[in-house]
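Structure file run.pdb; described as PDB, C-alpha atoms.
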ATOM      1  CA  MET A   1      16.000  -8.824 -18.003
ATOM      2  CA  SER A   2      14.716  -5.650 -16.353
ATOM      3  CA  PHE A   3      16.816  -3.552 -14.045
ATOM      4  CA  PRO A   4      15.534  -2.194 -10.694
ATOM      5  CA  PRO A   5      15.167   1.551 -10.113
ATOM      6  CA  THR A   6      18.272   3.303  -8.832
ATOM      7  CA  LEU A   7      18.427   5.166  -5.553
ATOM      8  CA  LYS A   8      19.162   8.324  -7.520
ATOM      9  CA  GLN A   9      15.928   7.940  -9.475
ATOM     10  CA  LEU A  10      13.966   7.382  -6.275
ATOM     11  CA  ARG A  11      15.504  10.494  -4.718
ATOM     12  CA  TYR A  12      14.527  12.505  -7.797
ATOM     13  CA  LEU A  13      10.955  11.241  -7.491
ATOM     14  CA  THR A  14      10.579  11.970  -3.759
ATOM     15  CA  ALA A  15      12.157  15.406  -4.188
ATOM     16  CA  LEU A  16       9.651  16.270  -6.916
ATOM     17  CA  HIS A  17       6.789  15.034  -4.746
ATOM     18  CA  LYS A  18       7.965  17.191  -1.850
ATOM     19  CA  THR A  19       8.542  20.401  -3.843
ATOM     20  CA  ASN A  20       5.919  19.905  -6.579
ATOM     21  CA  HIS A  21       8.296  21.819  -8.854
ATOM     22  CA  PHE A  22      10.929  20.460 -11.256
ATOM     23  CA  GLY A  23      13.329  23.352 -10.743
ATOM     24  CA  LYS A  24      13.174  23.205  -6.941
ATOM     25  CA  ALA A  25      13.467  19.404  -6.964
ATOM     26  CA  ALA A  26      16.574  19.613  -9.164
ATOM     27  CA  GLU A  27      18.076  22.200  -6.830
ATOM     28  CA  ALA A  28      17.378  19.981  -3.810
ATOM     29  CA  CYS A  29      19.118  17.066  -5.569
ATOM     30  CA  HIS A  30      22.038  19.251  -6.728
ATOM     31  CA  VAL A  31      21.484  18.446 -10.404
ATOM     32  CA  THR A  32      20.222  20.329 -13.442
ATOM     33  CA  GLN A  33      16.525  20.287 -14.244
ATOM     34  CA  SER A  34      17.160  18.393 -17.468
ATOM     35  CA  THR A  35      19.105  15.708 -15.565
ATOM     36  CA  LEU A  36      16.262  15.292 -13.082
ATOM     37  CA  SER A  37      13.625  15.158 -15.838
ATOM     38  CA  ALA A  38      15.641  12.566 -17.746
ATOM     39  CA  GLY A  39      16.081  10.474 -14.593
ATOM     40  CA  LEU A  40      12.343  10.492 -13.916
ATOM     41  CA  GLN A  41      11.586   9.593 -17.511
ATOM     42  CA  GLU A  42      13.990   6.655 -17.233
ATOM     43  CA  LEU A  43      12.218   5.556 -14.046
ATOM     44  CA  GLU A  44       8.816   5.652 -15.752
ATOM     45  CA  ASN A  45      10.181   3.729 -18.757
ATOM     46  CA  LEU A  46      11.691   1.178 -16.411
ATOM     47  CA  LEU A  47       8.401   0.666 -14.572
ATOM     48  CA  GLY A  48       6.349   0.871 -17.746
ATOM     49  CA  ALA A  49       3.905   3.332 -16.214
ATOM     50  CA  GLN A  50       3.362   7.068 -15.901
ATOM     51  CA  LEU A  51       4.046   8.423 -12.429
ATOM     52  CA  VAL A  52       3.798  12.176 -13.055
ATOM     53  CA  GLU A  53       1.452  14.265 -15.186
ATOM     54  CA  ARG A  54       3.459  17.150 -16.630
ATOM     55  CA  THR A  55       1.947  20.444 -17.710
ATOM     56  CA  LYS A  56       3.468  23.885 -18.180
ATOM     57  CA  ARG A  57       1.854  25.184 -15.002
ATOM     58  CA  SER A  58       1.660  22.262 -12.617
ATOM     59  CA  VAL A  59       2.968  18.874 -11.574
ATOM     60  CA  MET A  60       0.455  16.170 -10.670
ATOM     61  CA  PHE A  61       1.201  12.650  -9.515
ATOM     62  CA  THR A  62      -0.867   9.724 -10.716
ATOM     63  CA  ALA A  63      -2.366   7.306  -8.208
ATOM     64  CA  LEU A  64       0.484   4.897  -8.936
ATOM     65  CA  GLY A  65       2.923   7.780  -8.605
ATOM     66  CA  HIS A  66       1.752   8.513  -5.066
ATOM     67  CA  ALA A  67       2.053   4.822  -4.150
ATOM     68  CA  VAL A  68       5.566   4.587  -5.623
ATOM     69  CA  VAL A  69       6.642   7.726  -3.732
ATOM     70  CA  GLU A  70       5.515   6.190  -0.451
ATOM     71  CA  ARG A  71       7.459   2.982  -1.115
ATOM     72  CA  ALA A  72      10.454   4.944  -2.407
ATOM     73  CA  GLN A  73      10.616   7.009   0.788
ATOM     74  CA  THR A  74      10.627   3.822   2.874
ATOM     75  CA  ILE A  75      13.466   2.397   0.762
ATOM     76  CA  LEU A  76      15.506   5.599   1.020
ATOM     77  CA  ASN A  77      14.968   5.733   4.801
ATOM     78  CA  ASP A  78      16.173   2.135   5.080
ATOM     79  CA  VAL A  79      19.280   2.948   3.041
ATOM     80  CA  ASP A  80      20.011   5.991   5.208
ATOM     81  CA  ASP A  81      19.492   3.888   8.331
ATOM     82  CA  LEU A  82      21.891   1.276   6.952
ATOM     83  CA  THR A  83      24.540   3.957   6.506
ATOM     84  CA  ALA A  84      23.830   5.312   9.989
ATOM     85  CA  MET A  85      24.148   1.790  11.434
ATOM     86  CA  ALA A  86      27.632   1.447   9.967
ATOM     87  CA  GLU A  87      28.646   4.855  11.326
ATOM     88  CA  ALA A  88      27.166   4.115  14.742
ATOM     89  CA  ALA A  89      29.095   0.867  14.938
ATOM     90  CA  LYS A  90      32.338   2.840  14.724
ATOM     91  CA  ASP A  91      31.431   5.225  17.556
ATOM     92  CA  PRO A  92      27.811   5.408  18.812
ATOM     93  CA  LEU A  93      28.348   8.729  20.599
ATOM     94  CA  LYS A  94      29.840  10.545  17.636
ATOM     95  CA  GLY A  95      28.357  12.212  14.586
ATOM     96  CA  ILE A  96      25.443  14.366  13.485
ATOM     97  CA  ILE A  97      21.950  14.088  14.970
ATOM     98  CA  ARG A  98      19.152  16.026  13.284
ATOM     99  CA  LEU A  99      16.865  16.981  16.160
ATOM    100  CA  GLY A 100      13.437  18.540  15.788
ATOM    101  CA  ILE A 101      11.931  20.447  18.707
ATOM    102  CA  ILE A 102       8.618  22.270  19.199
ATOM    103  CA  PRO A 103       8.347  26.045  19.848
ATOM    104  CA  THR A 104       6.821  25.604  23.315
ATOM    105  CA  ILE A 105       9.957  23.745  24.452
ATOM    106  CA  ALA A 106      12.895  25.011  22.371
ATOM    107  CA  PRO A 107      13.550  28.515  23.792
ATOM    108  CA  PHE A 108      13.018  27.425  27.385
ATOM    109  CA  LEU A 109      14.790  24.056  27.545
ATOM    110  CA  LEU A 110      17.658  24.339  25.061
ATOM    111  CA  PRO A 111      19.651  26.919  27.071
ATOM    112  CA  LYS A 112      19.514  24.542  30.048
ATOM    113  CA  ILE A 113      20.463  21.303  28.318
ATOM    114  CA  MET A 114      22.949  22.347  25.625
ATOM    115  CA  PRO A 115      25.862  22.923  28.066
ATOM    116  CA  ALA A 116      25.291  19.450  29.546
ATOM    117  CA  ILE A 117      25.163  17.858  26.076
ATOM    118  CA  ARG A 118      28.418  19.558  25.084
ATOM    119  CA  GLN A 119      30.028  18.381  28.309
ATOM    120  CA  HIS A 120      28.848  14.758  28.388
ATOM    121  CA  LEU A 121      28.474  14.079  24.647
ATOM    122  CA  PRO A 122      31.112  16.338  23.093
ATOM    123  CA  ASP A 123      31.392  14.386  19.838
ATOM    124  CA  LEU A 124      27.693  14.637  19.020
ATOM    125  CA  GLU A 125      26.779  17.446  16.640
ATOM    126  CA  LEU A 126      23.146  18.549  16.940
ATOM    127  CA  HIS A 127      21.427  20.096  13.933
ATOM    128  CA  LEU A 128      18.274  21.691  15.338
ATOM    129  CA  ARG A 129      14.963  22.455  13.645
ATOM    130  CA  GLU A 130      12.006  24.165  15.357
ATOM    131  CA  GLU A 131       8.508  23.387  14.047
ATOM    132  CA  LYS A 132       5.071  22.296  15.219
ATOM    133  CA  SER A 133       4.666  18.632  16.199
ATOM    134  CA  SER A 134       2.815  17.608  13.028
ATOM    135  CA  VAL A 135       5.518  19.084  10.781
ATOM    136  CA  LEU A 136       8.285  17.418  12.795
ATOM    137  CA  CYS A 137       6.550  14.046  12.522
ATOM    138  CA  ASP A 138       6.304  14.401   8.746
ATOM    139  CA  LEU A 139      10.017  15.255   8.585
ATOM    140  CA  LEU A 140      10.837  12.275  10.807
ATOM    141  CA  LYS A 141       8.870   9.914   8.568
ATOM    142  CA  ALA A 142      10.541  11.403   5.481
ATOM    143  CA  GLY A 143      13.989  10.711   6.925
ATOM    144  CA  GLU A 144      14.863  14.408   7.210
ATOM    145  CA  LEU A 145      15.077  14.237  11.010
ATOM    146  CA  ASP A 146      16.570  11.559  13.246
ATOM    147  CA  LEU A 147      14.899  12.524  16.473
ATOM    148  CA  VAL A 148      12.055  14.714  17.775
ATOM    149  CA  LEU A 149      11.762  16.335  21.201
ATOM    150  CA  TYR A 150       8.152  17.230  21.957
ATOM    151  CA  ALA A 151       5.259  16.637  24.352
ATOM    152  CA  LEU A 152       3.691  13.196  24.608
ATOM    153  CA  PRO A 153       1.312  11.761  23.657
ATOM    154  CA  PHE A 154       1.191  12.741  20.006
ATOM    155  CA  SER A 155       0.300  10.461  17.109
ATOM    156  CA  CYS A 156       3.487  10.180  15.048
ATOM    157  CA  GLY A 157       3.151   6.750  13.487
ATOM    158  CA  ASP A 158       5.494   3.825  14.080
ATOM    159  CA  VAL A 159       8.029   5.427  16.425
ATOM    160  CA  ALA A 160       9.933   4.518  19.558
ATOM    161  CA  GLU A 161       9.177   6.792  22.532
ATOM    162  CA  MET A 162      11.344   7.794  25.482
ATOM    163  CA  PRO A 163       9.496   9.838  28.138
ATOM    164  CA  LEU A 164      11.934  12.170  29.913
ATOM    165  CA  PHE A 165      10.174  14.297  32.538
ATOM    166  CA  GLU A 166       6.931  16.023  33.510
ATOM    167  CA  ASP A 167       6.399  19.728  32.913
ATOM    168  CA  GLY A 168       3.636  21.330  34.970
ATOM    169  CA  PHE A 169       1.039  23.909  33.955
ATOM    170  CA  LEU A 170       0.462  27.200  35.768
ATOM    171  CA  ALA A 171      -2.263  29.810  35.318
ATOM    172  CA  ALA A 172      -1.456  33.432  34.432
ATOM    173  CA  TYR A 173      -3.756  36.327  35.441
ATOM    174  CA  PRO A 174      -3.510  40.050  34.627
ATOM    175  CA  HIS A 175      -1.491  41.714  37.379
ATOM    176  CA  GLY A 176      -3.707  43.429  39.924
ATOM    177  CA  GLU A 177      -6.826  41.430  39.072
ATOM    178  CA  ASP A 178      -8.620  40.071  42.119
ATOM    179  CA  HIS A 179      -7.812  36.356  42.330
ATOM    180  CA  ALA A 180      -6.863  33.698  44.874
ATOM    181  CA  GLU A 181      -3.306  32.494  45.429
ATOM    182  CA  THR A 182      -4.207  29.226  43.696
ATOM    183  CA  ILE A 183      -6.642  28.149  40.990
ATOM    184  CA  THR A 184      -8.920  25.138  40.446
ATOM    185  CA  THR A 185     -10.276  23.527  37.296
ATOM    186  CA  ARG A 186     -13.711  24.909  38.208
ATOM    187  CA  ASP A 187     -12.234  28.414  38.241
ATOM    188  CA  LEU A 188     -10.910  27.856  34.710
ATOM    189  CA  GLN A 189     -14.359  26.990  33.392
ATOM    190  CA  LYS A 190     -15.668  30.321  34.687
ATOM    191  CA  SER A 191     -12.812  32.380  33.228
ATOM    192  CA  ARG A 192     -12.055  33.843  29.812
ATOM    193  CA  LEU A 193      -9.383  31.351  28.800
ATOM    194  CA  MET A 194      -6.850  32.110  26.073
ATOM    195  CA  LEU A 195      -5.010  29.216  24.411
ATOM    196  CA  LEU A 196      -2.661  28.678  21.499
ATOM    197  CA  GLU A 197      -4.333  28.239  18.128
ATOM    198  CA  GLU A 198      -5.236  24.858  16.663
ATOM    199  CA  GLY A 199      -2.162  22.935  15.504
ATOM    200  CA  HIS A 200      -0.121  23.537  18.648
ATOM    201  CA  CYS A 201      -0.037  20.343  20.693
ATOM    202  CA  LEU A 202       0.320  22.437  23.875
ATOM    203  CA  ARG A 203      -3.310  23.469  23.449
ATOM    204  CA  ASP A 204      -4.583  19.882  23.527
ATOM    205  CA  HIS A 205      -2.204  18.844  26.295
ATOM    206  CA  ALA A 206      -3.224  21.800  28.456
ATOM    207  CA  LEU A 207      -6.941  21.070  28.051
ATOM    208  CA  SER A 208      -6.386  17.381  28.761
ATOM    209  CA  ALA A 209      -4.124  17.951  31.772
ATOM    210  CA  CYS A 210      -6.587  20.424  33.288
ATOM    211  CA  GLN A 211      -9.509  18.045  32.679
ATOM    212  CA  LEU A 212     -11.212  20.482  30.304
ATOM    213  CA  VAL A 213     -11.617  18.256  27.241
ATOM    214  CA  GLY A 214     -15.289  18.466  26.293
ATOM    215  CA  ALA A 215     -15.976  21.083  28.965
ATOM    216  CA  ASN A 216     -17.788  24.309  28.155
ATOM    217  CA  VAL A 217     -14.701  26.521  28.236
ATOM    218  CA  LYS A 218     -15.119  30.217  27.431
ATOM    219  CA  GLU A 219     -12.225  30.866  25.041
ATOM    220  CA  ALA A 220     -11.349  34.527  24.614
ATOM    221  CA  MET A 221      -8.863  34.145  21.749
ATOM    222  CA  ALA A 222      -6.311  31.836  20.144
ATOM    223  CA  GLY A 223      -2.692  33.003  20.055
ATOM    224  CA  THR A 224       0.209  32.069  17.835
ATOM    225  CA  SER A 225       2.900  31.922  20.545
ATOM    226  CA  LEU A 226       3.340  31.849  24.304
ATOM    227  CA  HIS A 227       4.912  35.309  24.202
ATOM    228  CA  THR A 228       1.774  36.664  22.498
ATOM    229  CA  MET A 229      -0.473  34.957  25.061
ATOM    230  CA  VAL A 230       1.419  36.494  27.981
ATOM    231  CA  GLN A 231       1.162  39.977  26.495
ATOM    232  CA  MET A 232      -2.573  39.547  25.927
ATOM    233  CA  VAL A 233      -3.021  38.467  29.547
ATOM    234  CA  ALA A 234      -1.100  41.528  30.678
ATOM    235  CA  ALA A 235      -3.472  43.655  28.573
ATOM    236  CA  GLY A 236      -6.444  42.215  30.488
ATOM    237  CA  HIS A 237      -7.987  40.046  27.772
ATOM    238  CA  GLY A 238      -8.254  36.935  29.962
ATOM    239  CA  ILE A 239      -6.117  34.245  31.582
ATOM    240  CA  THR A 240      -3.954  31.525  30.054
ATOM    241  CA  LEU A 241      -2.115  28.314  30.885
ATOM    242  CA  LEU A 242       1.676  28.326  30.738
ATOM    243  CA  PRO A 243       4.239  25.522  30.884
ATOM    244  CA  GLU A 244       6.225  25.667  34.101
ATOM    245  CA  MET A 245       9.503  25.465  32.167
ATOM    246  CA  ALA A 246       8.565  28.657  30.312
ATOM    247  CA  VAL A 247       7.803  30.526  33.528
ATOM    248  CA  THR A 248      11.019  29.279  35.142
ATOM    249  CA  ALA A 249      12.950  30.451  32.082
ATOM    250  CA  GLY A 250      11.617  33.979  32.574
ATOM    251  CA  LEU A 251       8.696  34.175  30.116
ATOM    252  CA  THR A 252       6.618  36.298  32.520
ATOM    253  CA  GLN A 253       9.509  38.311  33.948
ATOM    254  CA  ASN A 254       8.898  42.074  33.796
ATOM    255  CA  VAL A 255       5.408  41.468  32.365
ATOM    256  CA  ALA A 256       2.279  42.566  34.244
ATOM    257  CA  VAL A 257       0.935  39.088  34.980
ATOM    258  CA  ASP A 258       0.515  37.007  38.143
ATOM    259  CA  VAL A 259       1.278  33.274  37.931
ATOM    260  CA  VAL A 260      -0.534  30.883  40.296
ATOM    261  CA  PRO A 261      -0.500  27.084  40.760
ATOM    262  CA  PHE A 262      -3.439  24.682  40.850
ATOM    263  CA  SER A 263      -4.752  23.522  44.222
ATOM    264  CA  ASP A 264      -7.033  20.630  43.217
ATOM    265  CA  ILE A 265      -4.818  18.851  40.651
ATOM    266  CA  ARG A 266      -1.259  18.971  39.315
ATOM    267  CA  PRO A 267      -1.669  19.262  35.553
ATOM    268  CA  THR A 268       1.409  18.288  33.533
ATOM    269  CA  ARG A 269       2.585  17.404  30.061
ATOM    270  CA  THR A 270       5.152  14.670  29.401
ATOM    271  CA  ILE A 271       8.294  15.783  27.564
ATOM    272  CA  GLY A 272       9.928  13.027  25.552
ATOM    273  CA  LEU A 273      11.946  11.900  22.542
ATOM    274  CA  VAL A 274      10.719   9.857  19.577
ATOM    275  CA  TRP A 275      12.561   8.249  16.664
ATOM    276  CA  ARG A 276      11.844   5.768  13.887
ATOM    277  CA  HIS A 277      11.890   2.155  15.052
ATOM    278  CA  THR A 278      14.155   1.290  12.132
ATOM    279  CA  ASN A 279      16.845   3.810  13.058
ATOM    280  CA  PRO A 280      19.878   1.839  14.322
ATOM    281  CA  ARG A 281      21.127   4.657  16.575
ATOM    282  CA  ALA A 282      18.656   3.952  19.390
ATOM    283  CA  GLU A 283      21.426   3.623  21.986
ATOM    284  CA  THR A 284      22.800   7.024  20.964
ATOM    285  CA  PHE A 285      19.346   8.583  21.280
ATOM    286  CA  LYS A 286      18.855   7.009  24.710
ATOM    287  CA  ALA A 287      22.181   8.412  25.888
ATOM    288  CA  LEU A 288      21.131  11.839  24.661
ATOM    289  CA  GLY A 289      17.760  11.419  26.391
ATOM    290  CA  GLU A 290      19.408  10.558  29.709
ATOM    291  CA  THR A 291      21.616  13.644  29.438
ATOM    292  CA  ILE A 292      18.567  15.830  28.765
ATOM    293  CA  ARG A 293      16.659  14.262  31.660
ATOM    294  CA  GLU A 294      19.496  14.776  34.114
ATOM    295  CA  ALA A 295      20.144  18.354  32.991
ATOM    296  CA  ALA A 296      16.459  19.260  33.226
ATOM    297  CA  ALA A 297      16.176  17.712  36.705
ATOM    298  CA  LEU A 298      19.305  19.527  37.885
ATOM    299  CA  LYS A 299      17.983  22.885  36.716
ATOM    300  CA  ALA A 300      14.552  22.211  38.243
ATOM    301  CA  ALA A 301      16.139  21.418  41.614
ATOM    302  CA  ALA A 302      18.217  24.581  41.433
TER     303      ALA A 302
END

Rewritten as structure tokens:
Amino acid sequence: MSFPPTLKQLRYLTALHKTNHFGKAAEACHVTQSTLSAGLQELENLLGAQLVERTKRSVMFTALGHAVVERAQTILNDVDDLTAMAEAAKDPLKGIIRLGIIPTIAPFLLPKIMPAIRQHLPDLELHLREEKSSVLCDLLKAGELDLVLYALPFSCGDVAEMPLFEDGFLAAYPHGEDHAETITTRDLQKSRLMLLEEGHCLRDHALSACQLVGANVKEAMAGTSLHTMVQMVAAGHGITLLPEMAVTAGLTQNVAVDVVPFSDIRPTRTIGLVWRHTNPRAETFKALGETIREAAALKAAA
């Protein structure tokens, strides 16, 4: 009679796959390196197959090893969700929520919504992590995040989505440059447009919202952050597109730029929450989403 792998062995395996280093994997699992190595060896003996190629300088997973890691991560996520389901049954609006949020939202929205969350959901404890959308999706799939707050649409696999509100786009010109009080999409195509570098979903959402996908846009540069883009506009290098929430939060305050709206369209991005379909705390996430939506609407009206 053969025994199934233990959860501990599966956690050792996924930790090694994530870190690609025995020492770091052992540290992540809070065990010694020899304990982790022995656990992985037991797992391979149990399965009767080699999962990891070990050398002095590198760690390489076999084809079967990669497949087992993928299945192991699903099993571990299901176990974590089972535990979360039991906790949620006791009190759905209590406990820790690991929330990921993108850099083009976090500094501008969090100061507005956190007071409302503390007031209406005082027993929820948010653990925040700021990363690009693709990184947050990987963390969500790996079970390291419960929830992600970002701009929709974004391909994140089998997730539940909760759209919250629309965030408009505005154009920023160098202060003093001759320009109209509004801008059109045709004007954008004639301008030196600066956008965030590839990998930031704001870039794609801005181009899509302003109907510039596939258009012959003259890009002047690609920035790493909205703060960098605003400073480059102020220095006269071109114009850029900014989220309305960032402008409202004071991103362009005391900076030599002029912000103008669009006259021919109202370009927006959809801000929303996503979580794994299997996560049993959906009602908790929806309650949090409603609180965020109401707080954002209240601040916008003010």

Practice prompt. Kindly resolve the PyMOL selection byres ((chain A and resi 35-48) around 7) on the present coordinates and return the residues as a ChimeraX atom specification.
Written response: /A:5,9,12-13,26,31-34,49-51

Worksheet item: Separation of atom CA of A:Met232 and atom CA of A:Leu196, in Å?
Response: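 Atom-to-atom, atom CA of A:Met232 to atom CA of A:Leu196, that is 11.7 Å.
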
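Atom pair atom CA of A:Glu70 / atom CA of A:Glu161: separated by 23.3 Å.
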
Discussion item. Applying 9 Å and all atoms listed in the file, which residues near stretch 54-68 of chain A remain after dropping the ones on its own chain fewer than 6 positions away? List them as a PyMOL selection string.
Written reply: chain A and resi 10+13+16-17+20-22

Would you mind exporting C-alpha atoms of the selected residues as a PDB file, in the coordinates of the input?
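Wrote it out as selection-v1.pdb, contents follow:
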ATOM      1  CA  LEU A  10      13.966   7.382  -6.275  1.00  0.00           C
ATOM      2  CA  LEU A  13      10.955  11.241  -7.491  1.00  0.00           C
ATOM      3  CA  LEU A  16       9.651  16.270  -6.916  1.00  0.00           C
ATOM      4  CA  HIS A  17       6.789  15.034  -4.746  1.00  0.00           C
ATOM      5  CA  ASN A  20       5.919  19.905  -6.579  1.00  0.00           C
ATOM      6  CA  HIS A  21       8.296  21.819  -8.854  1.00  0.00           C
ATOM      7  CA  PHE A  22      10.929  20.460 -11.256  1.00  0.00           C
TER       8      PHE A  22
END

Response to the item:
A:Val159 proximity check over A:Ala295, A:Ala287, A:Met229, A:Leu273, using only C-alpha atoms: winner is A:Leu273

Item to complete: Can you work out which one of A:Cys156, A:Val233, A:Ile271, A:Val259 has the shortest atom-to-atom distance to A:Thr182, counting all atoms listed in the file?
Response: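 Between A:Cys156, A:Val233, A:Ile271, A:Val259, the residue approaching A:Thr182 most closely is A:Val259.
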
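You will find atom CA of A:Cys137 at 15.4 Å from atom CA of A:Leu202.
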
Worksheet item: If we count all atoms listed in the file, what is near stretch 123-128 of chain A at a cut-off of 9 Å, once residues fewer than 2 positions away on the same chain are taken out, given as a PyMOL selection string?
Response: chain A and resi 93-101+117-118+120-121+130

Discussion item. I'd like the contact shell of A:His175 - 7 Å cut-off, all atoms listed in the file, skipping same-chain residues fewer than 4 positions apart - returned as a PyMOL selection string.
Written reply: chain A and resi 234+256-258

Would you place a box with edges along x, y and z of the file around all atoms of stretch 15-25 of chain A listed there, add 8 Å to each of its six sides, and report the centre and edge lengths in Å to one decimal, as JSON?
{"center_x": 9.7, "center_y": 19.2, "center_z": -6.6, "size_x": 23.5, "size_y": 24.3, "size_z": 25.4}

Fill in: Which residue of A:Gly272, A:Pro261, A:Pro4, A:Pro280 approaches A:Pro153 most closely, using all atoms listed in the file
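So, comparing all the options, the nearest one is A:Gly272.
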